$ cat query_24.cif   # mmCIF, C-alpha atoms
data_structure
loop_
_atom_site.label_atom_id
_atom_site.label_comp_id
_atom_site.auth_asym_id
_atom_site.auth_seq_id
_atom_site.Cartn_x
_atom_site.Cartn_y
_atom_site.Cartn_z
CA MET A 119 37.45 -29.55 44.76
CA PRO A 120 38.15 -30.49 41.14
CA LEU A 121 35.34 -31.13 38.71
CA ASN A 122 34.88 -34.53 37.12
CA LEU A 123 34.41 -34.90 33.36
CA GLU A 124 30.61 -34.85 33.49
CA GLN A 125 30.58 -31.66 35.58
CA LYS A 126 33.03 -30.02 33.16
CA LYS A 127 30.81 -30.96 30.21
CA ALA A 128 27.79 -29.49 32.00
CA VAL A 129 29.63 -26.22 32.68
CA VAL A 130 30.79 -25.98 29.06
CA ALA A 131 27.27 -26.70 27.76
CA GLU A 132 25.70 -24.11 30.07
CA VAL A 133 28.19 -21.35 29.18
CA ALA A 134 27.98 -22.25 25.46
CA ASP A 135 24.19 -21.96 25.58
CA ILE A 136 24.39 -18.53 27.22
CA ALA A 137 27.14 -17.38 24.83
CA GLY A 138 25.01 -18.41 21.88
CA ARG A 139 22.16 -16.15 23.07
CA ALA A 140 24.19 -13.22 24.43
CA HIS A 141 24.62 -9.82 22.77
CA SER A 142 28.00 -8.95 24.29
CA ALA A 143 30.54 -10.23 26.79
CA VAL A 144 32.94 -8.63 29.24
CA ALA A 145 35.71 -10.56 30.97
CA ALA A 146 37.39 -9.04 34.00
CA GLU A 147 40.15 -10.14 36.33
CA TYR A 148 38.79 -10.44 39.86
CA ARG A 149 42.05 -11.11 41.72
CA GLY A 150 41.91 -9.57 45.20
CA LEU A 151 38.13 -9.34 45.55
CA THR A 152 36.58 -10.89 48.64
CA VAL A 153 33.78 -13.44 48.60
CA GLY A 154 31.37 -10.78 49.87
CA GLU A 155 32.32 -8.42 47.04
CA MET A 156 31.87 -11.18 44.44
CA THR A 157 28.47 -11.99 45.94
CA LYS A 158 27.50 -8.32 45.63
CA LEU A 159 28.67 -8.31 41.98
CA ARG A 160 26.62 -11.44 41.26
CA ALA A 161 23.52 -9.86 42.82
CA GLN A 162 23.92 -6.71 40.73
CA ALA A 163 24.39 -8.81 37.58
CA ARG A 164 21.33 -10.95 38.31
CA SER A 165 19.13 -7.88 38.82
CA SER A 166 20.34 -6.41 35.50
CA GLY A 167 19.74 -9.53 33.41
CA VAL A 168 23.44 -10.34 33.10
CA TYR A 169 24.80 -13.88 33.27
CA LEU A 170 27.97 -13.80 35.39
CA ARG A 171 30.20 -16.81 35.84
CA VAL A 172 33.70 -17.67 37.01
CA VAL A 173 34.87 -20.47 34.73
CA LYS A 174 38.26 -22.07 34.25
CA ASN A 175 39.85 -20.60 31.15
CA THR A 176 40.15 -23.95 29.35
CA LEU A 177 36.44 -24.61 29.86
CA ALA A 178 35.55 -21.03 28.87
CA ARG A 179 37.58 -21.35 25.65
CA ARG A 180 35.67 -24.50 24.73
CA ALA A 181 32.34 -22.90 25.62
CA VAL A 182 32.79 -19.83 23.41
CA GLU A 183 34.09 -21.85 20.48
CA GLY A 184 31.73 -21.49 17.53
CA THR A 185 29.99 -18.39 18.97
CA ASP A 186 30.45 -14.67 18.37
CA PHE A 187 32.81 -14.66 21.35
CA ALA A 188 35.38 -17.03 19.87
CA CYS A 189 37.59 -13.96 19.34
CA MET A 190 38.16 -13.92 23.12
CA GLN A 191 39.68 -17.41 23.29
CA LYS A 192 43.36 -16.53 22.88
CA GLU A 193 43.24 -13.71 25.42
CA MET A 194 41.62 -15.70 28.25
CA THR A 195 44.35 -15.85 30.87
CA GLY A 196 44.35 -15.39 34.60
CA PRO A 197 41.41 -15.53 36.99
CA LEU A 198 38.51 -14.17 34.95
CA VAL A 199 34.84 -13.58 35.63
CA ILE A 200 32.80 -13.52 32.42
CA ALA A 201 29.64 -11.42 32.11
CA PHE A 202 27.24 -12.02 29.20
CA SER A 203 24.56 -9.44 28.28
CA LEU A 204 21.31 -11.25 27.64
CA GLU A 205 18.82 -8.37 27.45
CA ASP A 206 20.70 -5.54 25.73
CA PRO A 207 24.30 -5.14 24.50
CA GLY A 208 25.38 -2.66 27.17
CA SER A 209 24.02 -4.31 30.32
CA ALA A 210 27.13 -6.36 31.18
CA ALA A 211 29.37 -3.37 30.56
CA ARG A 212 27.20 -1.20 32.83
CA VAL A 213 27.30 -3.74 35.67
CA ILE A 214 31.07 -4.22 35.43
CA LYS A 215 31.74 -0.47 35.03
CA ASP A 216 29.61 0.46 38.03
CA PHE A 217 31.15 -2.24 40.20
CA ALA A 218 34.71 -1.37 39.12
CA LYS A 219 34.19 2.26 40.21
CA GLU A 220 33.89 1.11 43.83
CA HIS A 221 36.26 -1.87 43.61
CA LYS A 222 39.53 -1.00 41.88
CA LYS A 223 40.71 -4.63 41.99
CA LEU A 224 38.18 -5.62 39.31
CA GLU A 225 40.10 -5.00 36.10
CA VAL A 226 38.46 -5.35 32.67
CA LYS A 227 40.54 -7.50 30.32
CA LEU A 228 38.29 -8.41 27.35
CA ILE A 229 35.23 -6.96 25.68
CA SER A 230 33.45 -8.57 22.74
CA ILE A 231 30.38 -7.58 20.77
CA SER A 232 29.17 -8.95 17.42
CA GLY A 233 32.25 -11.12 16.93
CA ARG A 234 34.69 -8.24 17.47
CA LEU A 235 37.21 -8.03 20.28
CA LEU A 236 37.37 -4.50 21.68
CA PRO A 237 40.06 -2.98 23.91
CA PRO A 238 39.19 -2.55 27.61
CA SER A 239 39.09 1.22 27.09
CA GLU A 240 35.84 0.77 25.12
CA LEU A 241 33.95 -0.33 28.25
CA GLU A 242 32.53 3.18 28.74
CA THR A 243 31.29 3.32 25.13
CA LEU A 244 29.56 -0.05 25.40
CA ALA A 245 28.04 0.88 28.77
CA LYS A 246 26.50 4.02 27.26
CA MET A 247 24.60 2.05 24.61
CA PRO A 248 20.85 2.52 25.07
CA THR A 249 18.62 -0.26 26.31
CA TYR A 250 15.91 -1.63 24.03
CA GLU A 251 13.27 0.65 25.56
CA GLN A 252 15.53 3.71 25.28
CA ALA A 253 16.31 2.94 21.63
CA ILE A 254 12.60 2.56 20.80
CA SER A 255 11.87 5.81 22.61
CA MET A 256 14.57 7.66 20.62
CA LEU A 257 13.25 6.18 17.37
CA MET A 258 9.68 7.20 18.16
CA ALA A 259 10.78 10.75 19.06
CA THR A 260 12.61 11.00 15.74
CA MET A 261 9.60 9.72 13.81
CA LYS A 262 7.21 12.00 15.70
CA ALA A 263 9.18 15.26 15.21
CA PRO A 264 8.22 16.00 11.55
CA VAL A 265 4.51 15.38 12.20
CA GLN A 266 4.63 17.54 15.30
CA LYS A 267 6.33 20.40 13.41
CA LEU A 268 3.81 20.16 10.56
CA THR A 269 0.92 20.33 13.03
CA ALA A 270 2.43 23.36 14.75
CA THR A 271 2.95 25.11 11.40
CA LEU A 272 -0.62 24.41 10.25
CA ASN A 273 -1.97 25.62 13.61
CA GLU A 274 -0.02 28.87 13.29
CA VAL A 275 -2.12 30.17 10.33
CA PRO A 276 -5.48 30.36 12.17
CA GLY A 277 -3.70 31.50 15.33
CA LYS A 278 -2.15 34.44 13.49
CA LEU A 279 -5.56 35.35 12.01
CA VAL A 280 -7.15 35.34 15.48
CA ARG A 281 -4.37 37.54 16.87
CA THR A 282 -4.75 39.99 13.94
CA VAL A 283 -8.55 40.25 14.39
CA ALA A 284 -8.07 40.75 18.16
CA ALA A 285 -5.53 43.52 17.49
CA ILE A 286 -7.97 45.26 15.09
CA ARG A 287 -10.79 44.94 17.66
CA ASP A 288 -8.59 46.41 20.40
CA ALA A 289 -7.56 49.28 18.09
CA LYS A 290 -11.25 50.10 17.28
CA GLU A 291 -12.24 49.94 20.97
CA ALA A 292 -9.39 52.30 21.89
CA ALA A 293 -10.47 54.80 19.23
#
$ encode --input "query_24.cif" --output "structure tokens"
Amino acid sequence: MPLNLEQKKAVVAEVADIAGRAHSAVAAEYRGLTVGEMTKLRAQARSSGVYLRVVKNTLARRAVEGTDFACMQKEMTGPLVIAFSLEDPGSAARVIKDFAKEHKKLEVKLISISGRLLPPSELETLAKMPTYEQAISMLMATMKAPVQKLTATLNEVPGKLVRTVAAIRDAKEAA
């Protein structure tokens, strides 16, 4: 059933709003997937904080115009499902990568992050990007390491003294 003009405007506005807030986007060709498989993909995306939408290419081109994902406009051809990462840059790539492992018919066509169009081969790299919590954890571990080493070094001086005194005591008791 075709969309009327008002419905098309609503779709474009919704996708444009999401594209304006998203960190990255992955577009994949879904030709050959069943309705059940697409429903499963949507459920995985929803649980990962990824906005997933099948949009006509002409409407998608209008929606990403003026956003960081405008670089994808010329390449949008064929039946595409577009996934936008809303929580962290790698979440859409992780969802698509995991789903594509089981379903070979889902083929990644476009990847965009920070206004740059990446080749589909970069999906793995984007999927490996840490989440916000992981990045904070890595930063804290890096900041904590020098203090921890200093504490261990300072603690070593009295520890060595105690071991030396204990060795002298043991030597006197043995004599």
$ atom_distance --input "query_24.cif" --atom1 "atom CA of A:Leu204" --atom2 "atom CA of A:Val168"
5.9 Å
$ residues_around --input "query_24.cif" --residues "A:Lys126" --least-positions-apart "3" --cutoff "12 Å" --atoms "only C-alpha atoms" --output "list in words"
Pro120, Leu121, Asn122, Leu123, Val129, Val130, Ala131, Glu132, Val133, Val173, Lys174, Asn175, Thr176, Leu177, Ala178, Arg180 and Ala181 of chain A
$ write_last_selection --input "query_24.cif" --atoms "C-alpha atoms" --output "mmCIF file, in the coordinates of the input"
data_model
loop_
_atom_site.group_PDB
_atom_site.id
_atom_site.type_symbol
_atom_site.label_atom_id
_atom_site.label_comp_id
_atom_site.auth_asym_id
_atom_site.auth_seq_id
_atom_site.Cartn_x
_atom_site.Cartn_y
_atom_site.Cartn_z
ATOM 1 C CA PRO A 120 38.150 -30.490 41.140
ATOM 2 C CA LEU A 121 35.340 -31.130 38.710
ATOM 3 C CA ASN A 122 34.880 -34.530 37.120
ATOM 4 C CA LEU A 123 34.410 -34.900 33.360
ATOM 5 C CA VAL A 129 29.630 -26.220 32.680
ATOM 6 C CA VAL A 130 30.790 -25.980 29.060
ATOM 7 C CA ALA A 131 27.270 -26.700 27.760
ATOM 8 C CA GLU A 132 25.700 -24.110 30.070
ATOM 9 C CA VAL A 133 28.190 -21.350 29.180
ATOM 10 C CA VAL A 173 34.870 -20.470 34.730
ATOM 11 C CA LYS A 174 38.260 -22.070 34.250
ATOM 12 C CA ASN A 175 39.850 -20.600 31.150
ATOM 13 C CA THR A 176 40.150 -23.950 29.350
ATOM 14 C CA LEU A 177 36.440 -24.610 29.860
ATOM 15 C CA ALA A 178 35.550 -21.030 28.870
ATOM 16 C CA ARG A 180 35.670 -24.500 24.730
ATOM 17 C CA ALA A 181 32.340 -22.900 25.620
#
$ atom_distance --input "query_24.cif" --atom1 "atom CA of A:Asn273" --atom2 "atom CA of A:Met261"
19.7 Å
$ closest_residue --input "query_24.cif" --among "A:Ala253, A:Ala201, A:Leu170, A:Leu272" --to "A:Val144" --atoms "all atoms listed in the file"
A:Ala201
$ resolve_selection --input "query_24.cif" --expression "the PyMOL selection byres ((chain A and resi 240-248) around 6)" --output "JSON, numbers by chain"
{"A": [208, 211, 212, 237, 238, 239, 249, 252, 253]}
$ atom_distance --input "query_24.cif" --atom1 "atom CA of A:Glu147" --atom2 "atom CA of A:Pro197"
5.6 Å
$ residues_around --input "query_24.cif" --residues "A:Ala210" --least-positions-apart "5" --cutoff "12 Å" --atoms "only C-alpha atoms" --output "ChimeraX atom specification"
/A:140-146,159-160,162-171,199-205,215-217,226,228-231,241-242,244-247,249
$ residues_around --input "query_24.cif" --residues "A:Asp186" --least-positions-apart "2" --cutoff "6 Å" --atoms "all atoms listed in the file" --output "tab-separated table (two decimals) with C-alpha atoms, in the coordinates of the input"
chain	number	residue	atom	x	y	z
A	188	ALA	CA	35.38	-17.03	19.87
A	232	SER	CA	29.17	-8.95	17.42
A	233	GLY	CA	32.25	-11.12	16.93
